[in-house]
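*Asks:* Following this line is query-v6.txt, made up of compact mmCIF, C-alpha atoms:
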# COMPACT_ATOMS: atom_id res chain seq x y z
CA MET A 1 -48.83 75.83 -41.73
CA ASP A 2 -52.19 75.77 -39.90
CA ILE A 3 -52.70 72.00 -39.86
CA ALA A 4 -56.21 72.18 -38.42
CA THR A 5 -57.37 74.48 -41.24
CA ARG A 6 -55.71 72.26 -43.82
CA VAL A 7 -57.48 69.20 -42.40
CA TRP A 8 -60.77 71.10 -42.48
CA ASN A 9 -60.16 71.86 -46.15
CA HIS A 10 -59.88 68.11 -46.88
CA LYS A 11 -63.65 68.10 -46.69
CA TRP A 12 -64.07 70.04 -49.89
CA ARG A 13 -61.17 69.28 -52.22
CA ILE A 14 -58.93 66.40 -53.21
CA ASP A 15 -55.64 66.42 -51.36
CA PRO A 16 -53.09 63.80 -52.42
CA ILE A 17 -51.45 62.11 -49.45
CA VAL A 18 -48.21 61.10 -51.19
CA ARG A 19 -46.89 63.74 -53.58
CA SER A 20 -43.39 62.43 -54.27
CA LEU A 21 -41.60 59.11 -54.80
CA ILE A 22 -39.05 60.24 -52.23
CA ASP A 23 -41.76 60.64 -49.60
CA THR A 24 -40.37 57.35 -48.31
CA ASP A 25 -37.79 56.05 -45.88
CA PHE A 26 -34.12 56.40 -46.80
CA TYR A 27 -33.39 52.74 -46.13
CA LYS A 28 -35.87 51.86 -48.90
CA LEU A 29 -33.70 53.63 -51.45
CA LEU A 30 -30.50 52.08 -50.09
CA MET A 31 -32.05 48.60 -50.19
CA CYS A 32 -33.57 49.23 -53.60
CA GLN A 33 -30.16 49.99 -55.06
CA SER A 34 -28.75 46.81 -53.52
CA VAL A 35 -31.66 44.76 -54.87
CA PHE A 36 -31.31 46.44 -58.27
CA ARG A 37 -27.67 45.34 -58.41
CA ASN A 38 -28.01 41.84 -56.95
CA LYS A 39 -31.57 40.48 -57.34
CA ALA A 40 -33.26 42.63 -59.97
CA ASP A 41 -35.14 39.77 -61.66
CA THR A 42 -36.64 38.29 -58.49
CA ASN A 43 -40.44 38.33 -58.47
CA VAL A 44 -41.82 39.41 -55.10
CA THR A 45 -45.31 39.88 -53.69
CA PHE A 46 -46.00 42.41 -50.96
CA SER A 47 -49.19 42.41 -48.91
CA LEU A 48 -50.88 44.72 -46.42
CA ILE A 49 -51.20 43.12 -42.97
CA ASN A 50 -53.36 44.75 -40.30
CA ARG A 51 -52.14 43.30 -37.00
CA SER A 52 -54.77 45.39 -35.20
CA SER A 53 -57.84 43.64 -36.58
CA HIS A 54 -60.10 45.64 -34.25
CA VAL A 55 -59.56 48.62 -36.58
CA PRO A 56 -62.01 47.97 -39.48
CA LEU A 57 -60.20 49.74 -42.29
CA ALA A 58 -62.74 48.81 -44.96
CA LYS A 59 -65.57 50.32 -42.91
CA LEU A 60 -63.65 53.50 -42.18
CA ILE A 61 -62.07 54.14 -45.60
CA ASP A 62 -64.02 54.53 -48.82
CA GLU A 63 -62.70 52.16 -51.48
CA GLY A 64 -63.00 54.74 -54.24
CA GLU A 65 -60.98 57.28 -52.26
CA LEU A 66 -58.34 54.66 -51.52
CA ARG A 67 -58.05 53.76 -55.20
CA GLU A 68 -57.82 57.44 -56.10
CA GLN A 69 -54.86 57.88 -53.75
CA LEU A 70 -53.10 54.71 -54.97
CA ASP A 71 -53.66 55.68 -58.61
CA HIS A 72 -52.16 59.09 -57.91
CA ILE A 73 -49.01 57.44 -56.53
CA ARG A 74 -48.71 55.44 -59.76
CA SER A 75 -48.60 58.74 -61.68
CA LEU A 76 -45.57 60.02 -59.74
CA SER A 77 -42.00 60.19 -61.00
CA LEU A 78 -38.83 61.82 -59.74
CA SER A 79 -38.65 65.56 -60.27
CA ARG A 80 -35.47 67.13 -61.58
CA GLY A 81 -34.75 68.62 -58.15
CA GLU A 82 -35.25 65.28 -56.40
CA SER A 83 -32.95 63.52 -58.83
CA THR A 84 -30.29 66.21 -58.39
CA TRP A 85 -30.52 65.86 -54.60
CA LEU A 86 -30.08 62.08 -54.74
CA ARG A 87 -27.27 62.24 -57.29
CA GLY A 88 -25.30 65.08 -55.74
CA ASN A 89 -25.97 65.15 -52.02
CA THR A 90 -23.68 63.70 -49.37
CA PHE A 91 -25.20 60.83 -47.39
CA TYR A 92 -23.34 59.34 -44.43
CA GLY A 93 -20.29 61.28 -45.53
CA LYS A 94 -20.30 59.81 -49.03
CA ARG A 95 -21.01 61.61 -52.30
CA GLN A 96 -22.73 59.79 -55.15
CA MET A 97 -24.18 57.20 -52.80
CA PHE A 98 -26.58 56.27 -55.58
CA ARG A 99 -24.91 54.93 -58.71
CA PRO A 100 -25.65 56.36 -62.16
CA ASP A 101 -27.22 53.13 -63.48
CA PHE A 102 -29.57 52.94 -60.49
CA MET A 103 -30.47 56.62 -60.78
CA GLU A 104 -31.24 56.27 -64.48
CA TRP A 105 -33.58 53.38 -63.64
CA PHE A 106 -35.17 55.27 -60.74
CA GLU A 107 -35.75 58.38 -62.82
CA ASN A 108 -37.84 56.29 -65.22
CA LEU A 109 -39.71 54.34 -62.56
CA ARG A 110 -43.50 54.32 -62.29
CA LEU A 111 -44.88 52.09 -59.57
CA PRO A 112 -46.53 48.89 -60.88
CA ALA A 113 -50.19 47.93 -60.61
CA TYR A 114 -51.83 46.97 -57.35
CA HIS A 115 -54.62 44.55 -56.43
CA LEU A 116 -57.25 45.81 -53.99
CA GLU A 117 -60.16 43.79 -52.65
CA ARG A 118 -62.47 44.19 -49.68
CA VAL A 119 -62.59 41.14 -47.41
CA GLY A 120 -65.06 41.66 -44.59
CA ASP A 121 -64.09 44.77 -42.66
CA GLN A 122 -60.53 44.80 -44.00
CA TYR A 123 -58.81 45.52 -47.29
CA GLU A 124 -56.64 42.98 -49.08
CA LEU A 125 -53.99 45.06 -50.84
CA THR A 126 -51.17 43.35 -52.71
CA PHE A 127 -48.37 44.34 -55.08
CA GLU A 128 -46.62 41.83 -57.34
CA GLY A 129 -43.71 42.24 -59.74
CA LYS A 130 -39.97 42.67 -59.97
CA TRP A 131 -38.49 43.22 -56.54
CA PRO A 132 -36.93 46.69 -57.12
CA GLU A 133 -40.26 48.02 -58.39
CA VAL A 134 -42.77 46.54 -55.97
CA MET A 135 -40.66 47.21 -52.86
CA MET A 136 -41.18 50.92 -53.44
CA TRP A 137 -44.91 50.50 -52.74
CA GLU A 138 -44.47 49.60 -49.05
CA ILE A 139 -44.04 53.01 -47.43
CA PRO A 140 -46.51 55.06 -49.54
CA ALA A 141 -49.16 52.34 -49.22
CA LEU A 142 -48.88 52.42 -45.44
CA ALA A 143 -48.89 56.23 -45.39
CA VAL A 144 -52.08 56.32 -47.46
CA LEU A 145 -53.96 53.81 -45.29
CA MET A 146 -52.89 55.49 -42.06
CA GLU A 147 -53.81 58.98 -43.22
CA LEU A 148 -57.13 57.96 -44.78
CA ARG A 149 -58.08 56.31 -41.50
CA GLY A 150 -57.22 59.55 -39.72
CA ARG A 151 -59.18 61.63 -42.21
CA ALA A 152 -62.22 59.40 -41.71
CA VAL A 153 -62.17 60.18 -37.99
CA LEU A 154 -61.39 63.88 -38.44
CA ASN A 155 -64.16 64.31 -40.99
CA ASP A 156 -66.77 64.33 -38.24
CA MET A 157 -65.05 67.14 -36.33
CA GLY A 158 -65.78 70.86 -36.59
CA LYS A 159 -63.19 73.50 -37.37
CA PHE A 160 -62.66 74.61 -33.76
CA GLU A 161 -62.67 71.03 -32.53
CA LEU A 162 -59.85 70.30 -34.98
CA GLN A 163 -57.91 73.31 -33.76
CA VAL A 164 -58.19 72.13 -30.16
CA LEU A 165 -57.23 68.55 -31.15
CA TYR A 166 -54.02 69.66 -32.86
CA ALA A 167 -53.19 72.12 -30.09
CA ARG A 168 -53.40 69.27 -27.60
CA ALA A 169 -51.34 66.97 -29.83
CA MET A 170 -48.68 69.66 -30.24
CA THR A 171 -48.56 70.23 -26.50
CA LYS A 172 -48.29 66.50 -25.86
CA LEU A 173 -45.34 66.14 -28.22
CA TRP A 174 -43.66 69.31 -26.96
CA GLU A 175 -43.77 67.97 -23.40
CA LYS A 176 -42.10 64.76 -24.57
CA ILE A 177 -39.37 66.72 -26.30
CA GLU A 178 -38.88 68.87 -23.19
CA GLY A 179 -38.33 65.69 -21.18
CA LEU A 180 -35.68 64.50 -23.62
CA ARG A 181 -33.75 67.77 -23.38
CA ALA A 182 -32.57 66.75 -19.90
CA ASN A 183 -29.94 64.51 -21.55
CA PRO A 184 -27.97 66.53 -24.09
CA GLY A 185 -25.97 63.42 -25.02
CA LEU A 186 -29.02 61.82 -26.61
CA ARG A 187 -28.98 61.11 -30.33
CA ILE A 188 -32.48 60.74 -31.82
CA ALA A 189 -33.77 60.43 -35.38
CA ASP A 190 -37.31 60.50 -36.76
CA PHE A 191 -38.30 57.01 -37.96
CA GLY A 192 -42.02 57.76 -38.16
CA THR A 193 -42.91 57.77 -41.87
CA ARG A 194 -44.62 54.40 -42.23
CA ARG A 195 -47.28 54.90 -39.55
CA ARG A 196 -47.49 58.67 -39.31
CA HIS A 197 -50.70 60.59 -38.70
CA SER A 198 -50.06 62.59 -41.88
CA PHE A 199 -47.22 64.07 -43.90
CA LEU A 200 -47.90 67.56 -42.55
CA TRP A 201 -47.88 66.27 -39.00
CA GLN A 202 -44.62 64.38 -39.50
CA ASP A 203 -43.07 67.52 -40.95
CA TRP A 204 -44.26 69.53 -37.91
CA CYS A 205 -42.85 66.92 -35.53
CA VAL A 206 -39.48 67.06 -37.28
CA GLN A 207 -39.37 70.85 -37.07
CA ALA A 208 -40.27 70.75 -33.38
CA MET A 209 -37.52 68.21 -32.68
CA LEU A 210 -35.00 70.27 -34.63
CA GLU A 211 -35.82 73.51 -32.83
CA ARG A 212 -35.91 72.14 -29.31
CA LEU A 213 -33.33 69.34 -29.37
CA GLY A 214 -30.71 70.99 -31.56
CA SER A 215 -27.75 68.70 -32.20
CA SER A 216 -29.41 65.83 -30.30
CA PHE A 217 -31.78 65.52 -33.26
CA VAL A 218 -29.67 63.82 -35.92
CA GLY A 219 -32.08 63.61 -38.85
CA THR A 220 -35.11 61.94 -40.38
CA SER A 221 -35.74 58.73 -42.26
CA ASN A 222 -38.08 60.59 -44.63
CA CYS A 223 -36.19 61.57 -47.78
CA LEU A 224 -38.56 64.33 -48.86
CA ILE A 225 -38.50 66.03 -45.46
CA ALA A 226 -34.71 65.62 -45.29
CA LYS A 227 -34.42 67.33 -48.68
CA ASN A 228 -36.88 70.12 -47.89
CA ARG A 229 -35.48 70.83 -44.41
CA ASP A 230 -31.79 70.31 -45.29
CA LEU A 231 -31.44 67.47 -42.77
CA GLU A 232 -29.53 64.22 -42.70
CA ALA A 233 -31.42 61.32 -44.28
CA ILE A 234 -31.16 58.41 -41.82
CA GLY A 235 -31.52 54.66 -42.47
CA THR A 236 -29.70 51.45 -43.30
CA ASN A 237 -31.52 48.18 -44.07
CA ALA A 238 -34.60 46.23 -42.97
CA HIS A 239 -36.01 42.72 -42.52
CA GLU A 240 -37.17 42.63 -46.13
CA LEU A 241 -33.69 41.72 -47.40
CA PRO A 242 -33.07 38.55 -45.34
CA MET A 243 -36.72 37.50 -45.73
CA VAL A 244 -36.48 37.43 -49.52
CA TYR A 245 -32.95 36.00 -49.64
CA ALA A 246 -34.07 33.21 -47.28
CA ALA A 247 -37.14 32.42 -49.39
CA LEU A 248 -34.87 31.95 -52.41
CA ALA A 249 -32.67 29.40 -50.60
CA GLN A 250 -32.76 25.96 -52.24
CA ASP A 251 -32.16 23.88 -49.11
CA ASP A 252 -31.66 24.15 -45.35
CA ALA A 253 -27.94 24.79 -45.67
CA ALA A 254 -28.53 27.69 -48.05
CA LEU A 255 -31.29 28.95 -45.76
CA ALA A 256 -28.92 29.05 -42.80
CA ARG A 257 -26.43 31.11 -44.88
CA ALA A 258 -29.01 33.52 -46.32
CA PRO A 259 -28.96 36.22 -43.58
CA TYR A 260 -25.17 36.44 -43.93
CA ASP A 261 -25.31 36.45 -47.74
CA VAL A 262 -27.45 39.56 -47.47
CA LEU A 263 -24.86 41.35 -45.38
CA ALA A 264 -22.00 40.16 -47.58
CA ASP A 265 -23.69 41.94 -50.50
CA TRP A 266 -24.26 44.99 -48.29
CA HIS A 267 -20.61 44.92 -47.17
CA GLU A 268 -19.49 45.26 -50.79
CA GLU A 269 -21.57 48.39 -51.24
CA HIS A 270 -21.42 50.34 -47.97
CA ASP A 271 -19.06 51.20 -45.15
CA GLY A 272 -18.98 53.25 -41.93
CA ASN A 273 -22.30 53.96 -40.24
CA LEU A 274 -24.22 52.14 -42.96
CA ARG A 275 -22.73 48.87 -41.74
CA ILE A 276 -25.44 48.25 -39.16
CA ILE A 277 -26.58 44.69 -38.42
CA LEU A 278 -30.30 43.97 -38.04
CA PRO A 279 -30.03 40.55 -36.36
CA ASP A 280 -33.55 39.68 -35.22
CA THR A 281 -35.22 38.47 -38.43
CA TYR A 282 -34.60 34.86 -37.39
CA GLY A 283 -33.63 35.39 -33.76
CA THR A 284 -30.82 37.60 -32.50
CA GLU A 285 -29.00 35.06 -30.33
CA GLY A 286 -28.75 32.42 -33.05
CA PHE A 287 -27.77 35.00 -35.65
CA LEU A 288 -24.89 36.30 -33.55
CA ARG A 289 -23.81 32.84 -32.41
CA ASN A 290 -23.30 31.70 -36.01
CA ALA A 291 -22.17 35.01 -37.51
CA PRO A 292 -18.88 35.12 -39.45
CA ASP A 293 -16.03 36.94 -37.73
CA TRP A 294 -15.98 39.83 -40.20
CA LEU A 295 -19.42 40.98 -39.01
CA ALA A 296 -18.03 41.78 -35.57
CA GLY A 297 -16.05 44.56 -37.24
CA TRP A 298 -19.21 46.31 -38.43
CA THR A 299 -20.18 49.62 -36.87
CA GLY A 300 -23.19 48.53 -34.85
CA ILE A 301 -26.52 46.79 -34.39
CA ARG A 302 -30.16 47.89 -34.62
CA ILE A 303 -32.53 46.38 -32.04
CA ASP A 304 -36.08 46.20 -33.40
CA SER A 305 -37.96 43.52 -31.44
CA GLY A 306 -38.02 41.71 -28.12
CA ASP A 307 -36.88 43.31 -24.89
CA PRO A 308 -34.47 46.08 -26.01
CA ALA A 309 -32.25 45.96 -22.91
CA THR A 310 -31.84 42.19 -23.25
CA GLY A 311 -30.95 42.60 -26.92
CA ALA A 312 -28.36 45.24 -26.09
CA GLU A 313 -26.73 43.06 -23.43
CA ILE A 314 -26.54 40.17 -25.90
CA ALA A 315 -24.85 42.45 -28.44
CA ILE A 316 -22.36 43.80 -25.90
CA LYS A 317 -21.37 40.29 -24.82
CA TRP A 318 -21.01 39.19 -28.46
CA TRP A 319 -18.67 42.07 -29.24
CA ARG A 320 -16.55 41.36 -26.18
CA ASP A 321 -16.38 37.65 -27.03
CA ARG A 322 -15.16 38.60 -30.52
CA GLY A 323 -12.43 40.88 -29.18
CA GLU A 324 -14.22 44.14 -29.96
CA ASP A 325 -14.60 47.08 -27.56
CA PRO A 326 -18.37 47.74 -27.16
CA ARG A 327 -17.65 51.38 -26.34
CA ASP A 328 -16.67 51.84 -29.98
CA LYS A 329 -19.89 50.25 -31.23
CA LEU A 330 -23.28 51.78 -32.01
CA ILE A 331 -26.61 50.39 -30.82
CA ILE A 332 -29.72 51.83 -32.47
CA PHE A 333 -32.98 51.19 -30.61
CA SER A 334 -36.03 51.43 -32.86
CA ASP A 335 -38.94 49.31 -31.58
CA GLY A 336 -42.04 50.97 -30.12
CA LEU A 337 -40.13 53.77 -28.43
CA ASP A 338 -41.54 56.65 -26.44
CA GLU A 339 -39.76 59.28 -24.39
CA ASN A 340 -39.70 57.33 -21.10
CA LYS A 341 -38.25 54.20 -22.73
CA ILE A 342 -35.70 56.33 -24.60
CA LEU A 343 -34.52 57.92 -21.36
CA GLU A 344 -34.44 54.58 -19.56
CA LEU A 345 -32.34 52.89 -22.24
CA TYR A 346 -30.02 55.88 -22.50
CA GLU A 347 -29.33 55.83 -18.76
CA GLN A 348 -28.70 52.08 -18.87
CA PHE A 349 -26.32 51.97 -21.83
CA ALA A 350 -24.71 55.40 -22.30
CA GLY A 351 -20.98 55.05 -21.76
CA ARG A 352 -21.05 51.29 -22.35
CA VAL A 353 -21.82 51.68 -26.08
CA ARG A 354 -22.65 54.52 -28.44
CA VAL A 355 -26.42 54.84 -28.24
CA SER A 356 -28.90 56.18 -30.78
CA PHE A 357 -32.68 56.03 -31.14
CA GLY A 358 -35.04 55.78 -34.09
CA TRP A 359 -38.30 57.24 -32.76
CA GLY A 360 -41.23 56.11 -34.86
CA THR A 361 -44.98 55.86 -34.44
CA LEU A 362 -45.20 57.41 -30.98
CA LEU A 363 -43.40 60.47 -32.34
CA THR A 364 -45.43 61.01 -35.50
CA ASN A 365 -48.78 59.49 -34.56
CA ASP A 366 -49.41 59.77 -30.82
CA PHE A 367 -53.00 60.98 -30.70
CA ARG A 368 -53.87 58.59 -27.90
CA GLY A 369 -56.60 59.94 -25.67
CA LEU A 370 -57.25 62.98 -27.87
CA ALA A 371 -60.29 61.84 -29.87
CA PRO A 372 -63.64 60.35 -28.79
CA ASP A 373 -63.42 56.58 -28.25
CA ASP A 374 -59.66 56.92 -28.81
CA ALA A 375 -60.42 56.68 -32.51
CA LEU A 376 -57.08 58.22 -33.52
CA ALA A 377 -54.88 55.91 -31.43
CA PRO A 378 -52.06 54.41 -33.52
CA PHE A 379 -52.34 50.79 -34.57
CA SER A 380 -50.07 48.14 -36.05
CA LEU A 381 -50.27 48.11 -39.84
CA VAL A 382 -47.47 46.66 -41.97
CA CYS A 383 -46.81 45.90 -45.63
CA LYS A 384 -44.48 42.93 -45.98
CA ALA A 385 -42.93 40.76 -48.67
CA ILE A 386 -44.96 37.54 -48.45
CA SER A 387 -43.41 35.55 -51.29
CA ALA A 388 -40.38 35.50 -53.60
CA ASN A 389 -40.34 33.58 -56.88
CA GLY A 390 -43.47 31.81 -55.64
CA LYS A 391 -41.98 30.67 -52.32
CA PRO A 392 -43.34 32.04 -49.02
CA THR A 393 -41.28 34.38 -46.90
CA VAL A 394 -40.92 34.01 -43.14
CA LYS A 395 -40.09 36.40 -40.33
CA LEU A 396 -39.53 35.07 -36.81
CA SER A 397 -38.41 38.17 -34.87
CA ASP A 398 -37.38 38.18 -31.21
CA ASN A 399 -41.06 38.56 -30.37
CA PRO A 400 -43.19 35.59 -31.51
CA ASN A 401 -46.20 37.90 -31.81
CA LYS A 402 -44.44 39.53 -34.77
CA ALA A 403 -43.78 36.24 -36.56
CA MET A 404 -45.26 35.85 -40.04
CA GLY A 405 -45.41 33.10 -42.66
CA PRO A 406 -47.04 29.67 -43.08
CA GLU A 407 -46.98 27.62 -39.87
CA ASP A 408 -44.98 24.75 -41.39
CA GLU A 409 -42.37 27.17 -42.72
CA ILE A 410 -42.16 28.98 -39.38
CA ALA A 411 -41.46 25.62 -37.73
CA ARG A 412 -38.78 24.85 -40.34
CA TYR A 413 -37.07 28.20 -39.89
CA LYS A 414 -37.10 27.81 -36.10
CA ARG A 415 -35.36 24.46 -36.54
CA VAL A 416 -32.80 25.70 -39.05
CA PHE A 417 -31.96 28.81 -37.02
CA ASP A 418 -32.11 26.98 -33.69
CA VAL A 419 -34.62 29.39 -32.17
CA GLY A 420 -35.43 28.38 -28.62
CA GLN A 421 -38.06 29.68 -26.22
CA GLN A 422 -39.13 33.24 -26.92
CA GLU A 423 -40.96 35.72 -24.71
CA ALA A 424 -44.16 37.02 -26.28
CA MET A 425 -44.67 40.78 -25.99
CA ASP A 426 -47.64 42.93 -26.96
CA VAL A 427 -47.36 44.57 -30.38
CA VAL A 428 -48.80 48.06 -30.03
CA VAL A 429 -47.25 49.77 -33.07
Kindly present the structure from the file in structure tokens form.

*Replies:*
Amino acid sequence: MDIATRVWNHKWRIDPIVRSLIDTDFYKLLMCQSVFRNKADTNVTFSLINRSSHVPLAKLIDEGELREQLDHIRSLSLSRGESTWLRGNTFYGKRQMFRPDFMEWFENLRLPAYHLERVGDQYELTFEGKWPEVMMWEIPALAVLMELRGRAVLNDMGKFELQVLYARAMTKLWEKIEGLRANPGLRIADFGTRRRHSFLWQDWCVQAMLERLGSSFVGTSNCLIAKNRDLEAIGTNAHELPMVYAALAQDDAALARAPYDVLADWHEEHDGNLRIILPDTYGTEGFLRNAPDWLAGWTGIRIDSGDPATGAEIAIKWWRDRGEDPRDKLIIFSDGLDENKILELYEQFAGRVRVSFGWGTLLTNDFRGLAPDDALAPFSLVCKAISANGKPTVKLSDNPNKAMGPEDEIARYKRVFDVGQQEAMDVVV
């Protein structure tokens, strides 16, 4: 695929950004099945949040074009081949990961309505409805906004300028991959769907990783690419689950139990490498300090905020204190990674634990320094659950700059979860 020529062709014909309901992250489908089974009638609202307010999305992206892309997504349904792949494929060593009742529901799913409004130089985009339905908007909504922003910048470039841009981007990524080859023990997956430059670019990045890294490249979070390229689909769970469970808690005692109730439900459904703890939603240290003993027997932990080395040391100490051998445990690093940080963390922790990496935005959207005024640099755009059954959700994180929710509720959650002083870190992606 000549990506530069394809981008040039965007100037004269409609090109849908999201062409499949499984052009999404694998953990979304795993979580959706869990929600479908346990909290199907919960009403949830998701909202777009642009943490990088210096990027004026409403000035860059035409509202009509945005609506056209979102409306196209609402027309999508599972194809027969996609359904067969989900029903019959082996994921994490397990056949029929997705239950027949969930698959029947998913095969009939059409994404619900959206609300779009321009507010100054930004868009207010929200989705409201039953949790299993609206949660499926998160990844495609982000993909559309990110790619339309890129198209707006690329639209002013000539055909040869585009060819040079992509040649430079390919060279930049290839050099990163070459650097990673020095450690054949590395295990890296593509986690870059939500803030990718484009679908075609993500697909190219995956193919480059596969060719050059071989067995060190363990798969992709993107279900459509995994299906098309015969790769492992990678993913477990995300902050969305504890955020909604916590919002539904009736009192402080129930709130304190909520993050563990989530994992108790997960424990009933999954085993092996799907039993990965994401502990930072309300502070990693407090989560582990109060965790029930059975969680220490889980396979591993994903570290997604704060200083990653500090988080790994906390996890290693927790396992040791609970009588577990850290060398048998898996730590997945997934926050703001690039090749140098991947190599640094691998050198620090290889041999002490099993180490894996989910490489996201700086794999699939690193066009820094390649466009005038750095107009294609990645930025921090998220789509989060902001309320459940009318009650606000809260996320604290191990980085206070990632916290979200009403100030009074943030203060309450910090008290309930005994969150002490936190070190603020820049949020780049």

*Asks:* How many Å separate atom CA of Thr310 of chain A from atom CA of Ile331 of chain A?

*Replies:*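 Interatomic distance, atom CA of Thr310 of chain A to atom CA of Ile331 of chain A: 12.3 Å.
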
*Asks:* Considering all atoms listed in the file, can you say which of A:Val153, A:Leu288, A:Ile342, A:Ile61 comes closest to Val7 of chain A?

*Replies:*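 Distance minimum relative to Val7 of chain A lands on A:Val153.
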
*Asks:* Write out as a PDB file with C-alpha atoms, keeping the file's coordinate frame each polymer residue whose atoms come within 12 Å of Ala247 of chain A, counting all atoms listed in the file; drop sequence neighbours fewer than 4 positions from it.

*Replies:*
ATOM      1  CA  THR A  42     -36.640  38.290 -58.490  1.00  0.00           C
ATOM      2  CA  ASN A  43     -40.440  38.330 -58.470  1.00  0.00           C
ATOM      3  CA  VAL A  44     -41.820  39.410 -55.100  1.00  0.00           C
ATOM      4  CA  THR A  45     -45.310  39.880 -53.690  1.00  0.00           C
ATOM      5  CA  GLU A 240     -37.170  42.630 -46.130  1.00  0.00           C
ATOM      6  CA  LEU A 241     -33.690  41.720 -47.400  1.00  0.00           C
ATOM      7  CA  PRO A 242     -33.070  38.550 -45.340  1.00  0.00           C
ATOM      8  CA  MET A 243     -36.720  37.500 -45.730  1.00  0.00           C
ATOM      9  CA  ASP A 251     -32.160  23.880 -49.110  1.00  0.00           C
ATOM     10  CA  ASP A 252     -31.660  24.150 -45.350  1.00  0.00           C
ATOM     11  CA  ALA A 254     -28.530  27.690 -48.050  1.00  0.00           C
ATOM     12  CA  LEU A 255     -31.290  28.950 -45.760  1.00  0.00           C
ATOM     13  CA  ALA A 256     -28.920  29.050 -42.800  1.00  0.00           C
ATOM     14  CA  ARG A 257     -26.430  31.110 -44.880  1.00  0.00           C
ATOM     15  CA  ALA A 258     -29.010  33.520 -46.320  1.00  0.00           C
ATOM     16  CA  PRO A 259     -28.960  36.220 -43.580  1.00  0.00           C
ATOM     17  CA  ALA A 385     -42.930  40.760 -48.670  1.00  0.00           C
ATOM     18  CA  ILE A 386     -44.960  37.540 -48.450  1.00  0.00           C
ATOM     19  CA  SER A 387     -43.410  35.550 -51.290  1.00  0.00           C
ATOM     20  CA  ALA A 388     -40.380  35.500 -53.600  1.00  0.00           C
ATOM     21  CA  ASN A 389     -40.340  33.580 -56.880  1.00  0.00           C
ATOM     22  CA  GLY A 390     -43.470  31.810 -55.640  1.00  0.00           C
ATOM     23  CA  LYS A 391     -41.980  30.670 -52.320  1.00  0.00           C
ATOM     24  CA  PRO A 392     -43.340  32.040 -49.020  1.00  0.00           C
ATOM     25  CA  THR A 393     -41.280  34.380 -46.900  1.00  0.00           C
ATOM     26  CA  VAL A 394     -40.920  34.010 -43.140  1.00  0.00           C
ATOM     27  CA  LYS A 395     -40.090  36.400 -40.330  1.00  0.00           C
ATOM     28  CA  GLY A 405     -45.410  33.100 -42.660  1.00  0.00           C
ATOM     29  CA  GLU A 409     -42.370  27.170 -42.720  1.00  0.00           C
ATOM     30  CA  ILE A 410     -42.160  28.980 -39.380  1.00  0.00           C
ATOM     31  CA  ARG A 412     -38.780  24.850 -40.340  1.00  0.00           C
ATOM     32  CA  TYR A 413     -37.070  28.200 -39.890  1.00  0.00           C
TER      33      TYR A 413
END

*Asks:* Nearest to Leu381 of chain A: which of A:Leu109, A:Ile225, A:Leu145, A:Ala312 is it, counting all atoms listed in the file?

*Replies:*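 Among the listed residues, the smallest separation from Leu381 of chain A belongs to A:Leu145.
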
*Asks:* Which is closer to Glu68 of chain A than all the others in A:Tyr245, A:Leu116, A:Ala253, A:Asn228, using all atoms listed in the file?

*Replies:*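 With all atoms listed in the file as the atom set, the closest residue is A:Leu116.
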
*Asks:* With all atoms listed in the file as the basis for distance, which of A:Met404, A:Ile314, A:Val419, A:Val18 is at the shortest distance from Met146 of chain A?

*Replies:*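 Nearest to Met146 of chain A: A:Val18.
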
*Asks:* Given only C-alpha atoms as the basis, pick out the residue of A:Pro292, A:Pro372, A:Gly120, A:Pro378 nearest to Ala264 of chain A.

*Replies:*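 Once distances to Ala264 of chain A are computed over only C-alpha atoms, the minimum belongs to A:Pro292.
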
*Asks:* Work out how far atom CA of Thr361 of chain A is from atom CA of Ser47 of chain A, in Å to one decimal.

*Replies:* 20.2 Å

*Asks:* Can you measure atom CA of Asn89 of chain A to atom CA of Ser356 of chain A for me? One decimal in Å is fine.

*Replies:*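 So the answer is 23.2 Å.
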